[in-house]
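Student: File my_file.csv follows (CSV, C-alpha atoms and all ligand atoms):
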chain,number,residue,atom,x,y,z
A,2,MET,CA,0.0,0.0,0.0
A,3,ILE,CA,0.9,3.6,-0.2
A,4,CYS,CA,0.5,6.1,2.6
A,5,THR,CA,-1.7,9.1,1.5
A,6,LYS,CA,0.0,11.4,4.0
A,7,CYS,CA,3.6,10.9,3.1
A,8,GLY,CA,3.4,8.8,-0.1
A,9,GLN,CA,5.8,6.1,1.1
A,10,GLY,CA,5.2,2.4,0.6
A,11,ILE,CA,4.1,0.4,3.7
A,12,PRO,CA,3.3,-3.3,4.3
A,13,ASP,CA,-0.3,-4.3,3.5
A,14,THR,CA,-0.7,-5.6,7.0
A,15,ALA,CA,0.4,-2.4,8.7
A,16,THR,CA,-2.2,-0.6,10.9
A,17,VAL,CA,-0.2,2.7,11.0
A,18,CYS,CA,2.2,4.1,8.6
A,19,GLU,CA,5.7,3.4,9.8
A,20,HIS,CA,7.1,6.6,8.3
A,21,CYS,CA,4.6,9.3,9.4
A,22,GLY,CA,2.2,7.5,11.8
A,23,ALA,CA,-0.9,8.0,9.7
A,24,GLU,CA,-3.7,5.4,10.3
A,25,VAL,CA,-4.2,2.7,7.8
A,26,GLY,CA,-7.7,3.9,7.1
A,27,GLU,CA,-6.0,6.9,5.4
A,28,VAL,CA,-3.9,4.9,3.0
A,29,LEU,CA,-4.8,3.8,-0.5
A,30,PRO,CA,-4.0,0.6,-2.3
A,31,THR,CA,-0.8,0.9,-4.4
A,32,GLY,CA,-1.3,2.7,-7.7
A,33,GLU,CA,-4.5,4.5,-6.8
A,34,LEU,CA,-2.7,7.5,-5.5
A,35,ARG,CA,-0.9,8.5,-8.7
A,36,LYS,CA,-3.7,7.6,-11.1
A,37,PRO,CA,-4.6,10.9,-12.8
A,38,GLU,CA,-8.2,12.0,-12.5
A,39,ASN,CA,-10.3,13.0,-15.6
A,40,VAL,CA,-12.9,15.3,-14.1
A,41,MET,CA,-14.9,15.8,-17.4
A,42,LEU,CA,-15.2,12.1,-18.0
A,43,GLY,CA,-16.0,11.5,-14.4
A,44,ILE,CA,-18.8,14.0,-14.5
A,45,VAL,CA,-20.1,12.2,-17.7
A,46,GLY,CA,-19.9,8.9,-15.8
A,47,ALA,CA,-21.7,10.3,-12.8
A,48,LEU,CA,-24.4,11.8,-15.0
A,49,VAL,CA,-25.0,8.5,-16.8
A,50,GLY,CA,-25.2,6.6,-13.5
A,51,ALA,CA,-27.6,9.2,-12.1
A,52,LEU,CA,-29.8,9.2,-15.3
A,53,ILE,CA,-30.0,5.4,-15.3
A,54,GLY,CA,-31.1,5.5,-11.7
A,55,GLY,CA,-33.5,8.3,-12.4
A,56,LEU,CA,-35.0,6.4,-15.3
A,57,CYS,CA,-35.5,3.3,-13.0
A,58,ILE,CA,-37.3,5.5,-10.5
A,59,VAL,CA,-39.6,6.8,-13.2
A,60,LEU,CA,-40.2,3.2,-14.6
A,61,PHE,CA,-40.9,1.7,-11.2
A,62,TYR,CA,-43.1,4.6,-10.2
A,63,GLN,CA,-45.4,3.7,-13.2
A,64,MET,CA,-45.9,0.4,-11.4
A,65,ASN,CA,-46.9,2.2,-8.3
A,66,ALA,CA,-43.8,1.5,-6.3
A,67,VAL,CA,-41.1,3.8,-4.9
A,68,SER,CA,-38.5,1.2,-5.5
A,69,ALA,CA,-35.7,0.5,-3.1
A,70,ILE,CA,-33.6,-0.9,-5.9
A,71,SER,CA,-33.8,2.3,-8.0
A,72,GLY,CA,-32.8,4.5,-5.1
A,73,VAL,CA,-29.9,2.4,-4.3
A,74,LEU,CA,-29.0,2.1,-7.9
A,75,LEU,CA,-29.1,5.8,-8.4
A,76,ALA,CA,-26.6,6.6,-5.7
A,77,PHE,CA,-24.3,3.6,-6.4
A,78,GLY,CA,-24.4,4.2,-10.1
A,79,THR,CA,-23.6,7.9,-9.8
A,80,LEU,CA,-20.5,7.3,-7.6
A,81,LYS,CA,-19.4,4.3,-9.5
A,82,GLY,CA,-19.9,6.1,-12.8
A,83,TYR,CA,-17.6,8.9,-11.7
A,84,GLU,CA,-15.0,6.5,-10.4
A,85,LEU,CA,-15.0,4.3,-13.5
A,86,LEU,CA,-14.8,7.1,-16.1
A,87,GLY,CA,-13.0,9.7,-14.0
A,88,GLY,CA,-10.3,7.2,-13.0
A,89,LYS,CA,-10.8,7.8,-9.3
A,90,LEU,CA,-13.2,9.4,-6.9
A,91,SER,CA,-11.7,12.7,-5.7
A,92,LYS,CA,-13.3,15.5,-3.6
A,93,VAL,CA,-14.6,17.0,-6.9
A,94,GLY,CA,-16.1,13.7,-7.8
A,95,ILE,CA,-17.7,13.4,-4.4
A,96,ALA,CA,-19.1,16.9,-4.7
A,97,VAL,CA,-20.5,16.3,-8.2
A,98,SER,CA,-22.0,13.0,-7.2
A,99,ALA,CA,-23.5,14.5,-4.0
A,100,VAL,CA,-25.3,17.2,-6.1
A,101,LEU,CA,-26.6,14.6,-8.5
A,102,ILE,CA,-27.6,12.2,-5.8
A,103,LEU,CA,-29.6,15.0,-4.1
A,104,VAL,CA,-31.2,16.5,-7.2
A,105,MET,CA,-31.9,13.4,-9.4
A,106,PRO,CA,-34.3,11.5,-7.1
A,107,PHE,CA,-36.4,14.7,-6.8
A,108,ALA,CA,-36.4,15.4,-10.5
A,109,ALA,CA,-37.2,11.7,-11.3
A,110,TYR,CA,-40.0,11.9,-8.7
A,111,LEU,CA,-41.4,15.0,-10.4
A,112,VAL,CA,-41.3,13.5,-13.8
A,113,SER,CA,-43.0,10.4,-12.5
A,114,SER,CA,-45.7,12.4,-10.9
A,115,GLY,CA,-46.2,14.4,-14.1
A,116,ILE,CA,-46.5,11.3,-16.2
A,117,ALA,CA,-48.9,9.7,-13.7
A,118,PHE,CA,-51.1,12.8,-13.5
A,119,ALA,CA,-51.2,13.1,-17.3
A,120,ASP,CA,-52.1,9.4,-17.4
A,121,GLU,CA,-54.9,9.8,-14.9
A,122,VAL,CA,-56.6,12.7,-16.6
A,123,LYS,CA,-56.7,10.9,-19.9
A,124,GLN,CA,-59.8,9.1,-18.8
A,125,TYR,CA,-61.5,12.4,-18.6
A,126,GLY,CA,-60.5,13.1,-22.2
A,127,MET,CA,-57.7,15.5,-21.3
A,128,GLU,CA,-54.4,15.4,-23.2
A,129,LEU,CA,-51.5,16.6,-21.1
A,130,THR,CA,-47.8,16.3,-21.7
A,131,TRP,CA,-45.7,15.1,-18.7
A,132,LEU,CA,-44.5,18.7,-18.2
A,133,GLU,CA,-48.1,20.0,-18.0
A,134,GLY,CA,-48.7,17.0,-15.7
A,135,ILE,CA,-46.0,18.3,-13.3
A,136,GLN,CA,-47.6,21.7,-13.4
A,137,ALA,CA,-51.0,20.3,-12.7
A,138,PHE,CA,-49.5,18.1,-10.0
A,139,PHE,CA,-48.2,21.2,-8.2
A,140,GLU,CA,-51.6,22.9,-8.5
A,141,LEU,CA,-53.2,19.9,-7.0
A,142,LEU,CA,-50.8,19.9,-4.0
A,143,GLU,CA,-52.1,23.4,-3.1
A,144,TYR,CA,-55.6,22.1,-2.7
A,145,ASP,CA,-54.9,18.8,-1.1
A,146,PRO,CA,-52.8,18.8,2.1
A,147,GLU,CA,-53.2,15.0,2.4
A,148,MET,CA,-51.4,14.7,-0.9
A,149,ILE,CA,-48.5,16.7,0.4
A,150,ASP,CA,-48.1,14.2,3.2
A,151,ALA,CA,-48.1,11.4,0.7
A,152,VAL,CA,-45.5,13.1,-1.4
A,153,LYS,CA,-43.4,13.8,1.7
A,154,SER,CA,-43.4,10.1,2.7
A,155,ASP,CA,-42.7,9.0,-0.9
A,156,LEU,CA,-39.7,11.4,-1.1
A,157,LEU,CA,-38.5,10.3,2.4
A,158,GLN,CA,-38.5,6.7,1.3
A,159,LEU,CA,-36.8,7.5,-1.9
A,160,TYR,CA,-34.0,9.4,-0.1
A,161,LEU,CA,-33.6,6.7,2.5
A,162,TYR,CA,-33.0,4.2,-0.3
A,163,THR,CA,-30.6,6.6,-2.0
A,164,GLY,CA,-28.8,7.0,1.2
A,165,LEU,CA,-28.6,3.2,1.4
A,166,GLY,CA,-26.9,3.2,-2.0
A,167,VAL,CA,-24.3,5.6,-0.7
A,168,VAL,CA,-23.6,3.3,2.2
A,169,VAL,CA,-23.4,0.3,-0.1
A,170,PHE,CA,-20.9,2.1,-2.2
A,171,LEU,CA,-18.8,3.2,0.8
A,172,ALA,CA,-18.9,-0.3,2.2
A,173,SER,CA,-17.6,-1.7,-1.1
A,174,LYS,CA,-14.7,0.9,-0.9
A,175,THR,CA,-13.8,0.0,2.7
A,176,LYS,CA,-13.6,-3.7,1.8
A,177,LYS,CA,-11.1,-2.8,-0.9
A,178,PHE,CA,-8.9,-0.8,1.5
A,179,LYS,CA,-8.6,-3.7,3.8
A,180,LYS,CA,-7.1,-6.0,1.2
B,201,ZN,ZN,3.0,7.9,6.0
For the structure just supplied, provide its representation as structure tokens.
Ligand SMILES: [Zn+2]

Tutor:
Amino acid sequence: MICTKCGQGIPDTATVCEHCGAEVGEVLPTGELRKPENVMLGIVGALVGALIGGLCIVLFYQMNAVSAISGVLLAFGTLKGYELLGGKLSKVGIAVSAVLILVMPFAAYLVSSGIAFADEVKQYGMELTWLEGIQAFFELLEYDPEMIDAVKSDLLQLYLYTGLGVVVFLASKTKKFKK
């Protein structure tokens, strides 16, 4: 392994760096330290991951389910996407991913609701696009406090699962460190 504090090689079994005393949690596997980061590609990767996750949320929502899988997938896919295309997950990567992980579930939820609403009014002979559906959805919220509660609990669930995805990703990283 290589110590991230001082950059010197240390045995894989070491618990602290023998050169500077940094803890092993702070060291990276050999090679990872000097790998250059490609921020642009990383952002593309994170976006692709987030979009796939968002799409899953929209698809699952059409089946009347705030899906655990799509929330987890969104967070994991975003972080993994940045790491895969960007070369490594730096502070920039974490920041970009964090923004996407916060924004994308909400955006996907809005699109889902817009589509669902447009679908529902079809039986009354109204033709709405999903964008108009979102608008109508917001108008409906103003008149129906019960719906606001339902939306809140839907979003809470969604973000819980998204958070779980982050934890799963971090857990997969920690395992790698211990090798
Ligand atoms: Zn060190």

Student: Under the rule that only C-alpha atoms are counted, which of A:Ser173, A:Ser113, A:Thr163, A:Gln124 is the nearest residue to Met64 of chain A?

Tutor: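 Comparing A:Ser173, A:Ser113, A:Thr163, A:Gln124 against Met64 of chain A, the winner is A:Ser113.
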
Student: Which of these, A:Ala15, A:Ala76, A:Ile58, A:Leu85, has the shortest distance to Glu38 of chain A once you count only C-alpha atoms?

Tutor: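 Closest to Glu38 of chain A of all the choices is A:Leu85.
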
Student: Using all atoms listed in the file, which protein or nucleic acid residues are at most 7 Å from ligand ZN 201 (chain B), as a PyMOL selection string?

Tutor: chain A and resi 4-9+18-23

Student: Could you pull the residues within 8 Å of segment 101-105 of chain A, counting only C-alpha atoms, minus those fewer than 5 positions along the same chain, as a list in words?

Tutor: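 With the cut-off at 8 Å, the set is Ala47, Leu48, Ala51, Leu52, Gly55, Leu75, Ala76, Thr79 and Thr163 of chain A.
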
Student: Atom CA of Gly115 of chain A and atom CA of Trp131 of chain A, how far apart in Å?

Tutor: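 Answer for the atom CA of Trp131 of chain A to atom CA of Gly115 of chain A separation: 4.7 Å.
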
Student: Give me, please, the distance in Å between atom CA of Val167 of chain A and atom CA of Val97 of chain A, quoted to one decimal.

Tutor: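 Going from atom CA of Val167 of chain A over to atom CA of Val97 of chain A covers 13.6 Å.
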
Student: So how far away is atom CA of Val40 of chain A from atom CA of Gly87 of chain A, in Å?

Tutor: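 Atom CA of Val40 of chain A lies 5.6 Å from atom CA of Gly87 of chain A.
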
Student: Is it possible to get the residues within 7 Å of (-33.1, 4.4, -3.1) (coordinates as in the file, counting all atoms listed in the file) written as a list in words?

Tutor: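 Collected hits near the coordinates: Ser68, Ala69, Ile70, Ser71, Gly72, Val73, Leu74, Leu75, Leu159, Tyr160, Leu161, Tyr162, Thr163, Gly164, Leu165 and Gly166 of chain A.
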
Student: Would you list the contacts of Gly88 of chain A as an MDAnalysis selection string, taking every protein, DNA or RNA residue within 10 Å and counting all atoms listed in the file, but skipping same-chain residues closer than 5 positions in sequence?

Tutor: chainID A and resid 33 36:40 42:43 82:83

Student: For Lys174 of chain A, which of A:Glu24, A:Ile11, A:Lys89, A:Gly46 is the closest residue, counting all atoms listed in the file?

Tutor: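 Using all atoms listed in the file, the shortest distance to Lys174 of chain A belongs to A:Lys89.
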
Student: Could you tell me which of A:Ala108, A:Ile53, A:Ala137, A:Ile44 comes closest to Val122 of chain A if we count all atoms listed in the file?

Tutor: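 Smallest distance to Val122 of chain A is found for A:Ala137.
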